[in-house]
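Chemist: Shown below is the structure under consideration.
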There are 2 protein chains.
Amino acid sequence: MGHNIHFLPDNVHVTVEDGENLLTAAASAGVYIHAYCGGDGVCGKCKVQLEKGDVISDNAATLKQSEYDKGIRLACKAKVVSDITVRIPDIVKSDGKALKREPKTTRSISARSLEALIGTWDVDPPVGKIYLKLPPPTLEDNISDMQRLMRSLKNAMPENPEPTYDHPELIRELSLILREANWEVTVILLHGKRKTEPDRIIAVEPGDTTDRLYGLAVDIGTTTCSGVLIDLNNGEIIADGSGYNSQIGYGEDVISRMIYAQRPGGLKGLQQKVIYTINNIIEEVCKKVIISPSDISYIMTAGNTVMAHLLLAINPKFLREAPYVPSVSQFPLTKAAALGIMAHPSVRMFLYPCVSSYVGGDIVAGVHACQMQKNEEISLFIDIGTNGEIVIGNKDWMVCAACSAGPAFEGGGIKYGMRASQGAIENFQIHPETFDPMIVTIGQTKPRGICGSGLISIVSELLAAGVIDPQGKFKRDLNNPRIREGEDRWEYVLAWSRDSMIGEDIVITEVDLDNLIRAKGAMYAGYQTLLESVGMTFSDLDRVILAGNFGAYIDLERAITIGLLPDIERDRFYYLGNASMLGCQISLTDHRRFRDRVAVRTLMTNIELSENPNFMNHYMAALFLPHTDMSLFPSVKMK
Amino acid sequence: MGHNIHFLPDNVHVTVEDGENLLTAAASAGVYIHAYCGGDGVCGKCKVQLEKGDVISDNAATLKQSEYDKGIRLACKAKVVSDITVRIPDIVKSDGKALKREPKTTRSISARSLEALIGTWDVDPPVGKIYLKLPPPTLEDNISDMQRLMRSLKNAMPENPEPTYDHPELIRELSLILREANWEVTVILLHGKRKTEPDRIIAVEPGDTTDRLYGLAVDIGTTTCSGVLIDLNNGEIIADGSGYNSQIGYGEDVISRMIYAQRPGGLKGLQQKVIYTINNIIEEVCKKVIISPSDISYIMTAGNTVMAHLLLAINPKFLREAPYVPSVSQFPLTKAAALGIMAHPSVRMFLYPCVSSYVGGDIVAGVHACQMQKNEEISLFIDIGTNGEIVIGNKDWMVCAACSAGPAFEGGGIKYGMRASQGAIENFQIHPETFDPMIVTIGQTKPRGICGSGLISIVSELLAAGVIDPQGKFKRDLNNPRIREGEDRWEYVLAWSRDSMIGEDIVITEVDLDNLIRAKGAMYAGYQTLLESVGMTFSDLDRVILAGNFGAYIDLERAITIGLLPDIERDRFYYLGNASMLGCQISLTDHRRFRDRVAVRTLMTNIELSENPNFMNHYMAALFLPHTDMSLFPSVKMK
C-alpha cells in the first residue's frame, strides 16, 4: 500500500510505502530538509508543515505543543501513513528573501521489477521424494532389502536408470527402517546431473513424508552469511536467517584471512568458524518452522573464491600470490555432514564454482540468476565491495575481472567510514548556499559514521555544490566553519560533536576523497578494460546489473555523477540485490535452471587486471570526478 | 620336473613332482603301504624296497643300516628326486601266502589345466596411472590448479569424459603437490563403469610413478582370509599373505558370529576384527615387496554374505531369520580407509555382490572366474564347506542354492575332526584282509585328528572293505581289535594311542558316519533339487566344477563312492581351487572381465532349500552310501 507525498515548495511528488520515515522519503526524493542529527529528533531542525493529511509522529522535546497543534512535525519523527502534502519552511536570509531551493534528480533502481532479468522458474528441485509400499519378503521372494527397494523404485520410475547408494548409514539402517515402517517408506533421491545419469538415494524414511521436502540456500559472504529455507514442494521461502561470518575475528577482509590461514591451525580454525556460522543459520531457520536440520535434503551455497576454499579447508595460499591461481574452481559435491555441518549424513552441499582467485562462486551464482548466459543482450554485471567484480557478456561469451577497488565502499580507508549499520550516514544533501547538511542515518539515530551509499551522496553533493573540485580537493576560499583544515588535510564537518553519537565531529577529509576516487576509478577502468578486450564501448551495453547489498541504497544519479557507474540511459540499470543468494535459491528450486550454471562457468573468461597496462592507463584517467574524459559523461557535463 | 614311480607288485605307475613324499605318492596312487604313524618315521612299518633309482631319505631309528644298504627305505621318510621302481613287501599270512593286494582307482583332479575353464585375461585393470607435464600458470593462463590438471588429462585422453574427484584430501593437497613436483605428476584414475562414464581421480603423485601400480585381492573366508598383491602393470602376483579371520574368537562359524553381532558392540567388534585381519595381510604383502600400503590403488574382495555384512558393519540379523533376507546384495564401492583399512584415503574397495543370505560374493566371484556366464555348456559349480553352495547353469540361466551340509567336511561334528592342518589324517587306505590302516597326515607327523578329505577316504575305504554297511553301521562280526564298541556307539581305531600325537586312540564312530552321511546327503539332494527345478538330470551336466580348498585334496573316486559327488564321467570334473580369490584376481587385472560380474549376479536365481519339500525328499533318499537309488551310481554299483 503506497502513499503519495507532495513536497512544497519544491513541488516534488513521490510514492512511499506505508510507515516510511518522512525525512528518509524527502532525502530519497532529493528534497532538502535542514537536518543535523541523523533523524534522532534532537536537533529539532527538520520541522515541516503538514498542509494535507496527517502523519504518525513521536513527541519530541524539540517540538512545542503549539507548533504540533499548527500541523508542524519533525520530519525525522514522522511516519507516513496516508497521502500527504508537506511544506518545507524556507530558510530566510537577512535580506528577507528565502534561500533558493533546488530539488535534486535522484533515482533509486531498487524497486524495479526483476522478472525481465531473472525470468521464472519451476518447482523441480535437484532432490525429490517418492513414497513406496514394498511387498514384504517371502521364502519364494527373498531378494535383499536393498534390491527390494530398488525393484519398487524401478516400478515407480521405469524410465530412470537404477539409482545408486553410497551412504554407509543407509545400508546399515535400511533393514530396520523397512521392518519398523511395515515396508512403507519414503525414499529421498538426489537426481543425476543428466537424465541418463542415475539418481542417488540419500535416505529412506519410515512412512509417507513426501509432504516434507526442504532445501537450504546459503550465501557465504566475507562479512555476513545468510540463508533461506525453501519448501521444495512449492518453491516458497519459509524461513530466513543470517549472521556475521564468525571468521571476522580473524580478519575483516579476505586478504587478512588468507594470511591467517597460513598460521598453524589457521586454516582449520577458519573452516570451523564458517561452519559454526552456517550451523547457526541452520538452527535459526529450522527453529522458525519447527523442523529438524536432518529434514533438509539439499544445501546450495555460493561464496567468493576465498570463502569457498576456506569452507573446504583448501589452503588459499596461491590465491594471493601471482599468478593468482585457485586450487580448485569446480568444487566437488560434498557431504555436508563430513565438514561438520548439521545435516543428515548423506545430504549433499553444492558450492558454486569459481572462475578465478577473485571472481568467485558468488558472481557465478549472480550471473546465473540473471540469465546473462541465455540472452542476446549485452549485460554489464557489477558487484561492488572491497573487490569490485565485473562481468560483461551475453549468451555467446563473457569476460570477467575483479578490481581491487579498495574498501572505501564498505567504509574502509575512510576516517569515519563504517559498515551500513545503525547510525551510519546513508543519505546526505547539502544546502547550495549555506552548505548546511541534511543527514539521514540508518535507524534514524545520531550519526556514528559514513557507509558506502552515504559516501557517494556526500561526494556527489560536495561536488555539485562546488565545495570540492573534480580532483577531490576542497575549495579553500569558501569561508564556512564546516569547511576547514583538519588533521588529515582539508575536511568538511558533517556533524558537530554535539550532534554526533561518538562525541566528536564527524568529517569527510581529502584523504577520504582520495580513497573514494581511487576506488571508483578502479571500477570504471575495469569496465573500460573489459569492454576494450571485446572491442566494445559503453554504448554497446544493453543492461547494467548491480548486485550486492551496496546496490540497494545507491543513488543512481549520484553514482554516475562521481563516475562510479557509466553514464548511459538510466532505464538500462537493474538492481539485483543479493544475486548470489538468488542464484542459490533458483538452483535449489529448479533443477533445469541449476544445470545452466555449467554454461555460465564455461562462458566466463577471466582477465587479470592487476598487472594489465591498459587497465593502469584507464585507471589513471579515471582519478577525477567524474572522469578526465568528460565526453564519457555527457549527462553530467550538461548539468 | 616330474618323476615316474613304478609301484610293485601292484604295477601302478604315477608321476609326481620333484621332492614328493613317497608315502603320500603311494596313497594318492591308491597303493597300500602299511603305515600307522601318519608319516613320522616312528612305527617303522612302511618299509619299501628300491629296485631302481634312489630317493633322499632321513635316517630313522626304526631302519637298520643293513636294511638301508639293501635298498630298503621308510616310504614316509623318502623324497622322490628321480625316476624309481619301488616294491611294497607283501604281508605274509601264516600259511605262507601273501595277503592279496588291490590297488585302488584314485583320481585327483587338482592338477588339471584350468585354462579351458577360466580362459585368459588382459592386463587392463580398473585403475590406471597417467603421467602429465603441466604448463605452469601465468597471468594470462591462471585457471585453477585442478582445471589445469583436467585440461592436461583431456589432452592426454581426448575421447574420455572429464574425470570427477570427490576426495577432500586431494583438493587440499593438489596445489602443493603440483608445485613441489614442478608440475610433473602422475594421476591415478579409477575407471568409470562404462566407457561413457567419467573416470574418477583417486590421487595425484609427484613425478612419474607409472611403473608402480598395485592392486590387492582379498578372499574373506569365515575361517581364513588370504590376499594376493598384484602388479597391475603386468598382472603378476608379486606377494601373498593369509591368516585366520580374527573373528574366529567370537565363533567358528557364521551362525555363531551372527548371534554375537546382536550383542551390544558385537557388530562393531566383528567388523574391527576382520579389518584387523585384512590389515595384517596388507602389512604382510607390502613388507614382502617393500611397498607402502598407500601404494595399493584398488582392493578387490569377496566373501560370503555374512562376511560381507560384517565387514561393512551391516547387522546380519535378518540373514538367519526366515525368509532369510540380506540387507544389501550389491555393496557400494567403498572407500577402504573409511572402514579402517590401511589404504590411501581415496582408494576404493570392491566387494563382490551376494545373491542371497547363504549364496554370497565368494560364489559369485567363483562363478565369474570360471565364466559360466559365457558358456553354452551346462556347469554344476560346487563349493563344499559348512554350507555347501551349488550353482547350475550356463550363459542363459543359473539357479543356485545353499544347503546346510553341516560342518563335517571341515571337521565339525566329527569326534576327532579337525581343520586341514598339521597332523590331520588327509589320506587313508585299509588293508582288505587285516583291516590295518595306511595313514597319511598333513606334515607327515603323528596323527592328531581327521580333516575333510581324510574323512572321505576313511568312509569310502571302510565301505569298500565291508567294514561298514551302506547305512554307515559297523559290521558287528568282524572280530578285529580295531573295530569295537566305544563310547559313541561302534567305532574303528585309526591310530592307537601310542601312535597318535594326542595320547589317546583316534577313532571314527558311527555318530561321525551319521554326520558325514547327512552332510553329503544334503549336497546331493541340493544338486537334484536344482536340476529338477530346471527340468534336467545329471546327464545334462557338461562340467562339474569344484571350488574351495576342500576340492584340492579330494579323491574323486572316493567322493563319488560315498555319494558326495554325482557319478558321471570323470573327465567332466574340474577343480578350481580358491575360486573366490581367483575371481578377485581376474577382476582386479582385467577391467572387461570385471564388468562381466554383473551378468553373473543378474543370471543367478536363488532357490531356498530349507523348507523345500522336494529337497527334503531327495535328502531322505540320500542318507545312504552312496544312495538308496543305486541307479544314480552305476559305476559304484558295478565295482
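The way I read the labels, and the way they are meant: chains A, B, ... in the order of the C-alpha cells, residue 1 as the first residue of every chain, and ligand 1 as the first ligand shown, with later ones counted on from there.
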Considering only C-alpha atoms, tabulate each residue of chain B that lies at most 6 Å from chain A along with its nearest interatomic pair and the corresponding distance in Å to one decimal; arrange the rows by chain and ascending residue number and present them as CSV.

Modeler:
residue,atom,partner,partner_atom,distance
B:Thr138,CA,A:Pro323,CA,5.4
B:Leu139,CA,A:Pro323,CA,4.8
B:Asn142,CA,A:Val325,CA,5.4
B:Ser144,CA,A:Pro326,CA,4.5
B:Asp145,CA,A:Ser327,CA,4.8
B:Met146,CA,A:Val328,CA,5.1
B:Asp166,CA,A:Pro332,CA,5.6
B:Arg172,CA,A:Ile314,CA,4.7
B:Ser175,CA,A:Ser327,CA,5.6
B:Ile314,CA,A:Arg172,CA,4.7
B:Pro323,CA,A:Leu139,CA,4.8
B:Val325,CA,A:Ser144,CA,5.2
B:Pro326,CA,A:Ser144,CA,4.5
B:Ser327,CA,A:Asp145,CA,4.8
B:Val328,CA,A:Met146,CA,5.1
B:Ser329,CA,A:Ser144,CA,5.7
B:Pro332,CA,A:Asp166,CA,5.6

Chemist: Name the residues in contact with range 41-47 of chain A at a cut-off of 6 Å, using only C-alpha atoms, excluding same-chain residues fewer than 3 positions from it; report them as an mmCIF file with N, CA and C atoms, in the first residue's frame.

Modeler:
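Written out: around_30.cif:
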data_model
loop_
_atom_site.group_PDB
_atom_site.id
_atom_site.type_symbol
_atom_site.label_atom_id
_atom_site.label_comp_id
_atom_site.auth_asym_id
_atom_site.auth_seq_id
_atom_site.Cartn_x
_atom_site.Cartn_y
_atom_site.Cartn_z
ATOM 1 N N ILE A 33 15.945 19.002 3.454
ATOM 2 C CA ILE A 33 15.404 19.477 4.731
ATOM 3 C C ILE A 33 16.599 19.653 5.642
ATOM 4 N N HIS A 34 16.638 20.769 6.294
ATOM 5 C CA HIS A 34 17.727 21.039 7.214
ATOM 6 C C HIS A 34 17.666 20.006 8.347
ATOM 7 N N ALA A 35 18.678 19.173 8.491
ATOM 8 C CA ALA A 35 18.626 18.109 9.493
ATOM 9 C C ALA A 35 20.028 17.697 9.858
ATOM 10 N N CYS A 37 20.928 15.902 12.870
ATOM 11 C CA CYS A 37 21.195 14.886 13.886
ATOM 12 C C CYS A 37 20.961 13.461 13.378
ATOM 13 N N THR A 62 11.957 18.742 21.279
ATOM 14 C CA THR A 62 12.303 19.909 20.471
ATOM 15 C C THR A 62 11.111 20.491 19.718
ATOM 16 N N ARG A 73 5.519 19.286 12.229
ATOM 17 C CA ARG A 73 6.061 17.990 12.663
ATOM 18 C C ARG A 73 7.569 17.979 12.429
ATOM 19 N N LEU A 74 8.278 17.131 13.219
ATOM 20 C CA LEU A 74 9.678 16.858 12.890
ATOM 21 C C LEU A 74 9.681 15.759 11.822
ATOM 22 N N ALA A 75 10.237 16.065 10.655
ATOM 23 C CA ALA A 75 10.229 15.081 9.572
ATOM 24 C C ALA A 75 10.873 13.772 10.013
#

Chemist: Once DSSP has gone over the backbone, tell me which residues of range 171-357 of chain B are in alpha helix (DSSP H), as a VMD selection string.

Modeler: chain B and resid 171 to 180 254 to 261 266 to 289 305 to 311 336 to 339

Chemist: Can you measure CA of Asp199 in chain A to CA of Glu162 in chain A for me? One decimal in Å is fine.

Modeler: 7.3 Å

Chemist: Quick one: residues within 10 Å of Val598 in chain A, only C-alpha atoms, excluding same-chain residues fewer than 2 positions away - as a list in words?

Modeler: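 After dropping sequence-adjacent residues, the list is Gln330, Tyr352, Pro353, Val364, His368, Gln373, Phe594, Arg595, Asp596, Val600, Arg601, Thr602 and Leu603 of chain A.
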
Chemist: Hey, what's within 8 Å of Asp124 in chain B if we count only C-alpha atoms and toss same-chain stuff fewer than 2 positions away? As a list in words, please?

Modeler: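 Here the qualifying residues turn out to be Asp122, Pro126, Leu232, Thr589, Asp590, His591 and Arg592 of chain B.
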
Chemist: Keeping N, CA, C and O atoms, export the residues of the selection given above as a compact mmCIF listing (two decimals), in the first residue's frame.

Modeler:
# COMPACT_ATOMS: atom_id res chain seq x y z
N ASP B 122 43.25 -60.04 -19.86
CA ASP B 122 44.19 -58.99 -20.24
C ASP B 122 44.67 -58.24 -19.01
O ASP B 122 44.08 -58.33 -17.94
N PRO B 126 41.07 -51.95 -13.39
CA PRO B 126 40.06 -50.89 -13.17
C PRO B 126 40.67 -49.58 -12.69
O PRO B 126 39.96 -48.59 -12.57
N LEU B 232 49.79 -54.39 -11.21
CA LEU B 232 48.77 -54.17 -12.24
C LEU B 232 49.37 -53.70 -13.56
O LEU B 232 48.65 -53.54 -14.55
N THR B 589 42.65 -57.44 -12.45
CA THR B 589 43.62 -57.31 -13.52
C THR B 589 42.96 -56.88 -14.83
O THR B 589 43.54 -56.13 -15.61
N ASP B 590 41.74 -57.35 -15.03
CA ASP B 590 41.11 -57.12 -16.33
C ASP B 590 39.74 -56.47 -16.14
O ASP B 590 38.78 -57.07 -15.69
N HIS B 591 39.71 -55.22 -16.53
CA HIS B 591 38.54 -54.39 -16.35
C HIS B 591 37.32 -54.94 -17.09
O HIS B 591 36.20 -54.90 -16.60
N ARG B 592 37.57 -55.50 -18.29
CA ARG B 592 36.44 -56.01 -19.05
C ARG B 592 35.86 -57.27 -18.41
O ARG B 592 34.65 -57.44 -18.31

Chemist: Extract, using only C-alpha atoms, all DNA, RNA and protein residues at most 9 Å from Val12 in chain B, discarding same-chain residues fewer than 3 positions from it, and format them as an MDAnalysis selection string.

Modeler: chainID B and resid 5:9 29:31 103

Chemist: Excluding Ile390 in chain B and residues on its chain fewer than 3 positions from it, collect all residues at most 6 Å away from it, counting only C-alpha atoms, and give them as an MDAnalysis selection string.

Modeler: chainID B and resid 381:382 400:401

Chemist: Can you pull out every residue within 8 Å of Phe435 in chain B, counting only C-alpha atoms, but drop anything in the same chain fewer than 3 positions away, and send it as a PDB file with C-alpha atoms, in the first residue's frame?

Modeler:
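The resulting file, result.pdb, is reproduced below:
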ATOM      1  CA  ILE B 430      42.651-100.011   4.676  1.00  0.00           C
ATOM      2  CA  HIS B 431      44.126-103.448   4.088  1.00  0.00           C
ATOM      3  CA  PRO B 432      41.284-105.512   2.699  1.00  0.00           C
ATOM      4  CA  ALA B 465      36.362-103.111   2.646  1.00  0.00           C
ATOM      5  CA  ASN B 480      39.142-107.224  14.778  1.00  0.00           C
ATOM      6  CA  ARG B 482      40.331-102.010  15.649  1.00  0.00           C
TER       7      ARG B 482
END

Chemist: What does the structure give for the distance between CA of Asp253 in chain B and CA of Asn515 in chain B, in Å to one decimal?

Modeler: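 CA of Asp253 in chain B sits 16.9 Å away from CA of Asn515 in chain B.
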